[in-house]
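Colleague: Encoded as structure tokens, here's the structure I'll be asking about.
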Amino acid sequence: MLKYILKKLLIMAITLWIIITLTFVLMVSVPGSPFNSEGNSNEIVQANLEKHYNLDKPIPVQYLLYLKSIVTLEFGPSISQPNQTVNDMIGRGFPISAELGIVTVIVALISGVTLGVLAALRHNGVIDYLSMGIAVLGISVPNFILATLLIQQLAVNLEWFPVATWKSPMHMVLPVLALATGPMAIIARLTRSTMLEVLTQDYIKMARAKGLSPWKIIVKHALRNALMPVITVMGTLLAGIMTGSFVIEQIFAIPGMGKYFVESINHRDYPVIMGTTVFYSAFLIIMLFLVDIAYGLLDPRIKVMKKEGE
Amino acid sequence: MKPQKNPQHITSKNVPDDWFTWRGKNTVEQELVARPSLSYWQDAWRRLRKNILAMSGLVFLILLILFAVFAPVFSPYEVDTGVLSEQYQPPSAEHWFGTDGLGRDVFTRTWYGARISLFVGFMAALIDVTIGIIWGGISGYKGGRTDNFMMRIIEILYGLPYLLVVILLLVVFKPSLFTIIVALTVTGWVGMARIVRGQVMQIKNYEFVLASKSFGTKTPRIIRKNLLPNSMGPIIVQMTLTVPSAIFAEAFLSFIGLGISSPNASWGVMANDSLGAILSGNWWTLFFPAFFISFTMFAFNVLGDGLQDALDPKLRK
């Protein structure tokens with residue numbers, strides 16, 4: 001187990017280093033200086049600015065400074081809003097994004113697993129078709145489309161919910177709904193298919209023969225094993241929720257990290273783009289790592305040594 | 001068959017005729033045929049045809065492709081020029097899907113968008129398949145250290161957040177159809193390579209491959225003739241899932257301003273353009289691109305599900 005963790009740790013470190021270096025290489029290869037478009041015709045001003053951002057130094061030195069800034073978690077000032085640092089933006093945006101993300105994950109998990117189990121228990125029944133219909137729709141409708149439709153119908157036409165910003169639980173309903181539907185659909189389909197498989201196995205028959213209540217069989221015996229594949233896709237789902245939050249936060253004017261990120265892309269604010277990308281990637285890569293470890297620990301059938309690539 | 005004194009090297013070409021003899025029809029076993037003999041593809045098609053949902057997905061996609069190719073040709077309107085005095089016309093006989101905020105015909109723009117989405121989707125899938133087959137094929141067939149090394153690279157690439165890498169690439173390289181496809185495939189092929197590798201590793205141990213090898217067949221021919229055709233099922237299923245995810249990625253990128261840019265039309269651009277319009281009740285500017293993105297993804301998903309069942313010989317009834 002320790003060897004497995006160490007191996008995963010090493011791969012995680014390499015992946016992190018690649019994304020860090022990739023951001024650097026890409027930003028250095030951007031043609032021209034980031035200050036050209038800002039209308040700073042004064043060359044002295046521009047030179048000073050470049051000095052301030054260390055852009056006048058040779059590239060290897062810049063790279064080392066960049067690595068240092070990441071290790072010390074100091075991502076430097078923003079270019080489009082010089083009185084703000086990237087750290088400020090992450091510090092202000094991350095709690096809000098995290099709140100949105102956590103609520104979304106919880107909603108997606110609970111509703112997805114419930115739909116999946118119901119569908120499996122009523123295999124080929126009305127509930128099965130209904131919940132799988134919802135699931136396929138959830139996978140097919142992109143979250144930004146769903147978000148705009150929700151705003152149009154529930155916020156503008158019916159005025160049930162407020163349209164934008166992030167103040168009360170009522171403000172959370174629509175963004176969470178828009179963001180959670182996709183992952184919910186994936187979880188529901190996965191739970192259904194593994195539940196169907198698990199329910200045919202002998203130990204379920206055994207539990208039934210023992211006279212356990214159906215509820216106990218489902219929750220304690222079937223669901224526990226059926227949820228293993230859900231854990232494996234959690235990493236990808238988290239990535240989806242994270243990238244989804246970029247647009248959702250923009251559409252609902254939620255002042256989270258995703259909104260800053262998309263704005264920094266539109267302003268070509270390179271320090272912010274680099275900082276947030278590295279932050280997002282590190283967060284996600286660590287999450288993937290934790291999911292891997294959790295999977296290795298939870299499933300006794302899988303000897304982690306045997307998990308070579310597959 | 002007598003043992004030969006100087007056994008010459010036997011290949012598939014010079015097997016002596018007297019090794020095999022025609023023993024006539026086995027009339028007993030012939031009577032035992034339980035069902036019509038079908039090739040793998042005939043059987044898959046037979047089973048796919050029975051799946052109504054998957055077939056309607058297929059029909060929708062065929063219609064979509066036909067419209068994407070021909071509708072802009074016959075449309076009297078241009079994709080990027082509109083008449084400002086005709087802005088926000090609801091759907092009518094002249095403008096089937098209405099007009100947008102710049103008086104452009106939404107019908108025409110929808111089909112231009114379809115062209116872009118389908119092109120991006122199919123190209124991304126095609127490139128993924130090409131790289132994935134080569135990488136996964138070599139990795140799975142060679143095994144050992146080569147496989148180990150190639151899989152480590154895949155494992156590292158797999159950890160990179162897909163859309164973040166795409167966003168990074170498009171921030172630096174000017175967004176165009178070409179750069180979008182490149183960005184989508186830089187890390188997109190990894191999933192395909194894993195599937196091909198898994199298939200190849202499994203199939204290379206089967207007896208018919210051993211038979212092929214013992215006749216001295218060269219490796220490339222074994223890969224082409226034995227391994228690839230037999231792993232086609234999962235590859236095709238993976239492709240039907242790659243296309244909608246590429247279409248989604250393109251729409252997503254256009255939506256955050258990193259894809260195809262206005263005045264060109266793509267479904268993501270049209271959805272983004274109509275964000276303000278729906279608040280004032282001009283629903284059709286959003287409805288049509290939203291409908292077609294969603295239904296295209298839906299059609300690919302149900303078709304993929306259907307193919308997965310149809311192409312799996314184990315599920316044959």
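Chain labels run A, B, ... following the order of the structure tokens; each chain numbers its residues from 1, and ligands are numbered from 1 in the order shown.
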List as a count of residues only the protein and nucleic acid residues near segment 247-253 of chain A, meaning an atom at most 12 Å away when only C-alpha atoms are counted, but skip any in the same chain fewer than 4 places from it.
Modeller: 60
Colleague: Would you write out, as a Markdown table, a table of all residues in chain A that have an atom no more than 9 Å from an atom of chain B, listing for each the closest atom pair and the distance in Å to one decimal, considering only C-alpha atoms and ordering rows by chain and rising residue number?
Modeller:
```
| residue | atom | partner | partner_atom | distance |
| --- | --- | --- | --- | --- |
| A:Ile11 | CA | B:Ile156 | CA | 6.2 |
| A:Met12 | CA | B:Ile156 | CA | 7.4 |
| A:Ile14 | CA | B:Ile156 | CA | 7.0 |
| A:Thr15 | CA | B:Ile156 | CA | 5.3 |
| A:Leu16 | CA | B:Leu160 | CA | 8.1 |
| A:Ile18 | CA | B:Leu160 | CA | 8.5 |
| A:Ile19 | CA | B:Leu160 | CA | 7.1 |
| A:Leu22 | CA | B:Val165 | CA | 8.7 |
| A:Thr23 | CA | B:Leu168 | CA | 7.1 |
| A:Leu26 | CA | B:Val172 | CA | 6.3 |
| A:Met27 | CA | B:Val172 | CA | 6.9 |
| A:Ser29 | CA | B:Val172 | CA | 7.6 |
| A:Val30 | CA | B:Val172 | CA | 5.7 |
| A:Pro31 | CA | B:Val172 | CA | 8.4 |
| A:Val136 | CA | B:Phe298 | CA | 6.8 |
| A:Leu137 | CA | B:Phe298 | CA | 6.9 |
| A:Ile139 | CA | B:Phe298 | CA | 7.6 |
| A:Ser140 | CA | B:Phe298 | CA | 4.8 |
| A:Val141 | CA | B:Ser294 | CA | 4.7 |
| A:Pro142 | CA | B:Phe248 | CA | 6.9 |
| A:Phe144 | CA | B:Phe252 | CA | 7.7 |
| A:Ile145 | CA | B:Ala290 | CA | 6.1 |
| A:Leu146 | CA | B:Ala290 | CA | 8.7 |
| A:Thr148 | CA | B:Leu275 | CA | 7.1 |
| A:Leu149 | CA | B:Leu286 | CA | 8.5 |
| A:Ile151 | CA | B:Leu279 | CA | 8.4 |
| A:Gln152 | CA | B:Leu279 | CA | 6.5 |
| A:Val156 | CA | B:Leu279 | CA | 6.7 |
| A:Asn157 | CA | B:Gly281 | CA | 8.8 |
| A:Thr236 | CA | B:Pro161 | CA | 8.9 |
| A:Ala239 | CA | B:Pro161 | CA | 6.8 |
| A:Gly240 | CA | B:Leu163 | CA | 8.8 |
| A:Thr243 | CA | B:Leu163 | CA | 7.0 |
| A:Gly244 | CA | B:Phe252 | CA | 9.0 |
| A:Phe246 | CA | B:Ile256 | CA | 8.4 |
| A:Val247 | CA | B:Ile256 | CA | 6.9 |
| A:Gln250 | CA | B:Ile256 | CA | 8.8 |
| A:Ile251 | CA | B:Leu275 | CA | 8.5 |
| A:Val262 | CA | B:Ile256 | CA | 6.8 |
| A:Ile265 | CA | B:Val171 | CA | 6.8 |
| A:Asn266 | CA | B:Gly257 | CA | 7.2 |
| A:Arg268 | CA | B:Val171 | CA | 7.4 |
| A:Ile273 | CA | B:Leu168 | CA | 8.2 |
| A:Met274 | CA | B:Leu168 | CA | 8.7 |
| A:Thr277 | CA | B:Leu164 | CA | 6.9 |
| A:Tyr280 | CA | B:Leu164 | CA | 8.4 |
| A:Ser281 | CA | B:Pro161 | CA | 6.3 |
| A:Leu284 | CA | B:Pro161 | CA | 7.3 |
| A:Ile285 | CA | B:Gly159 | CA | 6.2 |
| A:Leu288 | CA | B:Gly159 | CA | 7.5 |
| A:Glu308 | CA | B:Asn148 | CA | 8.6 |
| A:Gly309 | CA | B:Met151 | CA | 6.5 |
| A:Glu310 | CA | B:Gly198 | CA | 7.7 |
```
Colleague: Please produce a file of the residues just selected, as an mmCIF file, in the first residue's frame, where the atoms kept are C-alpha atoms.
Modeller:
```cif
data_model
loop_
_atom_site.group_PDB
_atom_site.id
_atom_site.type_symbol
_atom_site.label_atom_id
_atom_site.label_comp_id
_atom_site.auth_asym_id
_atom_site.auth_seq_id
_atom_site.Cartn_x
_atom_site.Cartn_y
_atom_site.Cartn_z
ATOM 1 C CA ILE A 11 3.077 10.827 -10.603
ATOM 2 C CA MET A 12 1.105 13.595 -8.962
ATOM 3 C CA ILE A 14 5.280 15.183 -12.146
ATOM 4 C CA THR A 15 1.808 16.132 -13.344
ATOM 5 C CA LEU A 16 1.896 19.256 -11.197
ATOM 6 C CA ILE A 18 4.172 19.726 -16.065
ATOM 7 C CA ILE A 19 1.179 21.998 -15.664
ATOM 8 C CA LEU A 22 3.346 24.448 -19.334
ATOM 9 C CA THR A 23 1.701 27.610 -18.030
ATOM 10 C CA LEU A 26 2.855 29.274 -22.896
ATOM 11 C CA MET A 27 2.862 32.655 -21.195
ATOM 12 C CA SER A 29 5.672 32.475 -25.812
ATOM 13 C CA VAL A 30 2.821 34.986 -26.022
ATOM 14 C CA PRO A 31 3.858 37.472 -28.689
ATOM 15 C CA VAL A 136 -29.776 11.248 -20.478
ATOM 16 C CA LEU A 137 -31.209 14.761 -20.647
ATOM 17 C CA ILE A 139 -25.886 14.548 -19.783
ATOM 18 C CA SER A 140 -27.055 16.105 -23.052
ATOM 19 C CA VAL A 141 -27.926 19.640 -21.991
ATOM 20 C CA PRO A 142 -24.747 21.692 -21.416
ATOM 21 C CA PHE A 144 -24.523 26.939 -19.505
ATOM 22 C CA ILE A 145 -27.617 26.275 -21.611
ATOM 23 C CA LEU A 146 -29.433 24.867 -18.605
ATOM 24 C CA THR A 148 -29.815 30.364 -19.126
ATOM 25 C CA LEU A 149 -33.017 28.362 -19.469
ATOM 26 C CA ILE A 151 -32.916 32.046 -15.475
ATOM 27 C CA GLN A 152 -35.409 32.656 -18.244
ATOM 28 C CA VAL A 156 -37.521 36.063 -15.171
ATOM 29 C CA ASN A 157 -40.874 34.557 -16.161
ATOM 30 C CA THR A 236 -13.655 13.527 -13.361
ATOM 31 C CA ALA A 239 -13.151 18.492 -12.762
ATOM 32 C CA GLY A 240 -16.438 18.937 -14.576
ATOM 33 C CA THR A 243 -14.850 23.991 -15.140
ATOM 34 C CA GLY A 244 -18.624 24.254 -15.104
ATOM 35 C CA PHE A 246 -16.424 29.114 -14.670
ATOM 36 C CA VAL A 247 -19.511 29.737 -16.779
ATOM 37 C CA GLN A 250 -20.230 34.255 -14.858
ATOM 38 C CA ILE A 251 -23.870 33.772 -15.845
ATOM 39 C CA VAL A 262 -12.961 34.053 -17.105
ATOM 40 C CA ILE A 265 -8.943 35.332 -19.804
ATOM 41 C CA ASN A 266 -10.896 38.079 -21.523
ATOM 42 C CA ARG A 268 -5.442 38.519 -21.100
ATOM 43 C CA ILE A 273 -4.413 33.280 -15.584
ATOM 44 C CA MET A 274 -1.191 31.564 -14.513
ATOM 45 C CA THR A 277 -4.654 27.788 -13.497
ATOM 46 C CA TYR A 280 -7.094 24.959 -9.980
ATOM 47 C CA SER A 281 -4.818 22.242 -11.356
ATOM 48 C CA LEU A 284 -7.797 18.965 -8.899
ATOM 49 C CA ILE A 285 -4.669 16.814 -9.059
ATOM 50 C CA LEU A 288 -7.625 12.863 -8.002
ATOM 51 C CA GLU A 308 -1.265 -1.266 -13.253
ATOM 52 C CA GLY A 309 -2.728 1.397 -15.482
ATOM 53 C CA GLU A 310 -6.172 -0.079 -15.735
#
```
Colleague: Going by DSSP on the backbone, which residues of segment 104-234 of chain A come out as helix (DSSP H, G or I)? List them as a ChimeraX atom specification.
Modeller: /A:104-121,126-140,143-157,169-199,202-210,214-226,228-234
Colleague: Which residues come within 12 Å of Phe70 of chain B, counting only C-alpha atoms, excluding same-chain residues fewer than 3 positions away, as a list in words?
Modeller: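 Listed by chain and then number, they are Leu63, Leu64, Ile65, Leu66, Phe67, Val73, Phe74, Ser75, Thr108, Trp111, Tyr112, Ala114 and Arg115 of chain B.
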Colleague: One number please: atom CA of Ser92 of chain B to atom CA of Glu78 of chain B, in Å, one decimal.
Modeller: 17.3 Å
Colleague: By how many Å are atom CA of Ala71 of chain B and atom CA of Met55 of chain B apart?
Modeller: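 Going from atom CA of Ala71 of chain B over to atom CA of Met55 of chain B covers 23.1 Å.
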Colleague: How far is it from atom CA of Asp305 of chain B to atom CA of Met239 of chain B, in Å with one decimal?
Modeller: 11.6 Å
Colleague: Closest to Val113 of chain A among A:Lys51, A:Lys205, A:Lys7, A:Arg224, using only C-alpha atoms?
Modeller: A:Arg224
Colleague: Near segment 115-128 of chain A, counting only C-alpha atoms, which residues have an atom at most 7 Å away, once you skip same-chain residues fewer than 2 positions from it, shown as a VMD selection string?
Modeller: chain A and resid 111 to 113 130 to 132 188 to 189 191 to 192 195 to 196
Colleague: May I have the selected residues written with C-alpha atoms, as a compact mmCIF listing (two decimals), in the first residue's frame?
Modeller:
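part.txt written:
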```
# COMPACT_ATOMS: atom_id res chain seq x y z
CA SER A 111 -30.04 12.89 -6.07
CA GLY A 112 -27.92 10.79 -8.43
CA VAL A 113 -27.65 7.80 -6.12
CA LEU A 130 -38.33 8.21 -16.09
CA SER A 131 -35.10 8.52 -14.13
CA MET A 132 -32.96 7.34 -17.03
CA ALA A 188 -27.47 7.98 -11.60
CA ARG A 189 -26.56 5.94 -14.67
CA THR A 191 -25.38 3.58 -9.81
CA ARG A 192 -28.18 1.98 -11.79
CA MET A 195 -26.86 -1.86 -8.71
CA LEU A 196 -28.46 -4.09 -11.35
```
Colleague: Just the residues within 12 Å of Asp309 of chain B, please, counting only C-alpha atoms, with nothing from its chain fewer than 3 positions along; format it as a JSON list (two decimals) with N, CA and C atoms, in the first residue's frame.
Modeller:
```json
[["chain", "number", "residue", "atom", "x", "y", "z"],
["B", 43, "ASP", "N", -24.54, -8.81, -37.42],
["B", 43, "ASP", "CA", -25.23, -9.08, -36.16],
["B", 43, "ASP", "C", -25.41, -7.80, -35.37],
["B", 44, "ALA", "N", -24.36, -6.97, -35.34],
["B", 44, "ALA", "CA", -24.44, -5.72, -34.60],
["B", 44, "ALA", "C", -25.53, -4.83, -35.19],
["B", 45, "TRP", "N", -25.57, -4.75, -36.51],
["B", 45, "TRP", "CA", -26.56, -3.91, -37.18],
["B", 45, "TRP", "C", -27.97, -4.42, -36.92],
["B", 46, "ARG", "N", -28.10, -5.76, -36.95],
["B", 46, "ARG", "CA", -29.40, -6.35, -36.68],
["B", 46, "ARG", "C", -29.90, -5.96, -35.29],
["B", 47, "ARG", "N", -28.97, -5.95, -34.33],
["B", 47, "ARG", "CA", -29.39, -5.65, -32.97],
["B", 47, "ARG", "C", -29.59, -4.14, -32.77],
["B", 48, "LEU", "N", -28.76, -3.35, -33.46],
["B", 48, "LEU", "CA", -28.91, -1.90, -33.32],
["B", 48, "LEU", "C", -30.26, -1.46, -33.88],
["B", 49, "ARG", "N", -30.66, -2.11, -35.00],
["B", 49, "ARG", "CA", -31.91, -1.72, -35.66],
["B", 49, "ARG", "C", -33.11, -1.87, -34.73],
["B", 50, "LYS", "N", -33.00, -2.81, -33.81],
["B", 50, "LYS", "CA", -34.14, -3.05, -32.92],
["B", 50, "LYS", "C", -34.22, -2.02, -31.81],
["B", 51, "ASN", "N", -33.12, -1.28, -31.59],
["B", 51, "ASN", "CA", -33.08, -0.29, -30.51],
["B", 51, "ASN", "C", -33.65, 1.03, -31.04],
["B", 54, "ALA", "N", -31.75, 4.38, -30.11],
["B", 54, "ALA", "CA", -30.48, 4.56, -30.81],
["B", 54, "ALA", "C", -30.72, 4.86, -32.28],
["B", 233, "GLY", "N", -15.16, -2.65, -31.80],
["B", 233, "GLY", "CA", -16.38, -2.34, -31.06],
["B", 233, "GLY", "C", -16.19, -1.25, -30.01],
["B", 234, "PRO", "N", -15.33, -1.51, -29.01],
["B", 234, "PRO", "CA", -15.09, -0.49, -27.99],
["B", 234, "PRO", "C", -14.55, 0.82, -28.57],
["B", 236, "ILE", "N", -15.27, 2.16, -31.51],
["B", 236, "ILE", "CA", -16.38, 2.93, -32.09],
["B", 236, "ILE", "C", -17.25, 3.53, -30.98],
["B", 237, "VAL", "N", -17.49, 2.75, -29.93],
["B", 237, "VAL", "CA", -18.29, 3.29, -28.83],
["B", 237, "VAL", "C", -17.61, 4.51, -28.23],
["B", 302, "VAL", "N", -27.31, 8.48, -27.02],
["B", 302, "VAL", "CA", -28.15, 7.28, -27.14],
["B", 302, "VAL", "C", -27.60, 6.34, -28.21],
["B", 303, "LEU", "N", -27.03, 6.92, -29.28],
["B", 303, "LEU", "CA", -26.43, 6.07, -30.30],
["B", 303, "LEU", "C", -25.24, 5.31, -29.72],
["B", 304, "GLY", "N", -24.44, 6.00, -28.91],
["B", 304, "GLY", "CA", -23.30, 5.35, -28.27],
["B", 304, "GLY", "C", -23.75, 4.22, -27.36],
["B", 305, "ASP", "N", -24.79, 4.48, -26.55],
["B", 305, "ASP", "CA", -25.32, 3.45, -25.67],
["B", 305, "ASP", "C", -25.79, 2.25, -26.48],
["B", 306, "GLY", "N", -26.54, 2.53, -27.58],
["B", 306, "GLY", "CA", -27.05, 1.46, -28.42],
["B", 306, "GLY", "C", -25.92, 0.66, -29.03],
["B", 312, "ASP", "N", -21.32, -5.56, -28.46],
["B", 312, "ASP", "CA", -20.78, -6.48, -27.46],
["B", 312, "ASP", "C", -21.32, -7.88, -27.74],
["B", 313, "PRO", "N", -20.47, -8.78, -28.25],
["B", 313, "PRO", "CA", -20.96, -10.11, -28.64],
["B", 313, "PRO", "C", -21.52, -10.89, -27.46],
["B", 314, "LYS", "N", -21.09, -10.53, -26.25],
["B", 314, "LYS", "CA", -21.56, -11.27, -25.09],
["B", 314, "LYS", "C", -23.06, -11.07, -24.86],
["B", 315, "LEU", "N", -23.57, -9.91, -25.35],
["B", 315, "LEU", "CA", -24.97, -9.61, -25.12],
["B", 315, "LEU", "C", -25.86, -10.21, -26.21],
["B", 316, "ARG", "N", -25.26, -10.95, -27.15],
["B", 316, "ARG", "CA", -26.04, -11.51, -28.24],
["B", 316, "ARG", "C", -27.04, -12.52, -27.71],
["B", 317, "LYS", "N", -28.27, -12.39, -28.18],
["B", 317, "LYS", "CA", -29.29, -13.31, -27.67],
["B", 317, "LYS", "C", -29.54, -14.43, -28.67]]
```
Colleague: Name the residues in contact with Thr81 of chain B at a cut-off of 9 Å, using only C-alpha atoms, excluding same-chain residues fewer than 4 positions from it; report them as a PyMOL selection string.
Modeller: chain B and resi 77+102-105+263
Colleague: Could those selected residues go to a file with N, CA and C atoms, as a PDB file, in the first residue's frame?
Modeller:
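Output file again_1.pdb is given in full below:
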```
ATOM      1  N   TYR B  77     -30.197  34.058 -46.910  1.00  0.00           N
ATOM      2  CA  TYR B  77     -29.541  35.008 -46.012  1.00  0.00           C
ATOM      3  C   TYR B  77     -28.076  34.654 -45.829  1.00  0.00           C
ATOM      4  N   LEU B 102     -28.858  41.508 -34.247  1.00  0.00           N
ATOM      5  CA  LEU B 102     -28.299  42.267 -35.362  1.00  0.00           C
ATOM      6  C   LEU B 102     -29.087  42.007 -36.638  1.00  0.00           C
ATOM      7  N   GLY B 103     -30.268  41.450 -36.492  1.00  0.00           N
ATOM      8  CA  GLY B 103     -31.117  41.197 -37.646  1.00  0.00           C
ATOM      9  C   GLY B 103     -30.630  40.057 -38.524  1.00  0.00           C
ATOM     10  N   ARG B 104     -29.794  39.166 -37.945  1.00  0.00           N
ATOM     11  CA  ARG B 104     -29.307  38.042 -38.744  1.00  0.00           C
ATOM     12  C   ARG B 104     -30.286  36.879 -38.635  1.00  0.00           C
ATOM     13  N   ASP B 105     -30.378  36.110 -39.707  1.00  0.00           N
ATOM     14  CA  ASP B 105     -31.336  35.006 -39.763  1.00  0.00           C
ATOM     15  C   ASP B 105     -30.843  33.844 -38.890  1.00  0.00           C
ATOM     16  N   PRO B 263     -18.471  37.568 -35.825  1.00  0.00           N
ATOM     17  CA  PRO B 263     -19.741  37.287 -36.466  1.00  0.00           C
ATOM     18  C   PRO B 263     -19.893  35.863 -36.981  1.00  0.00           C
TER      19      PRO B 263
END
```
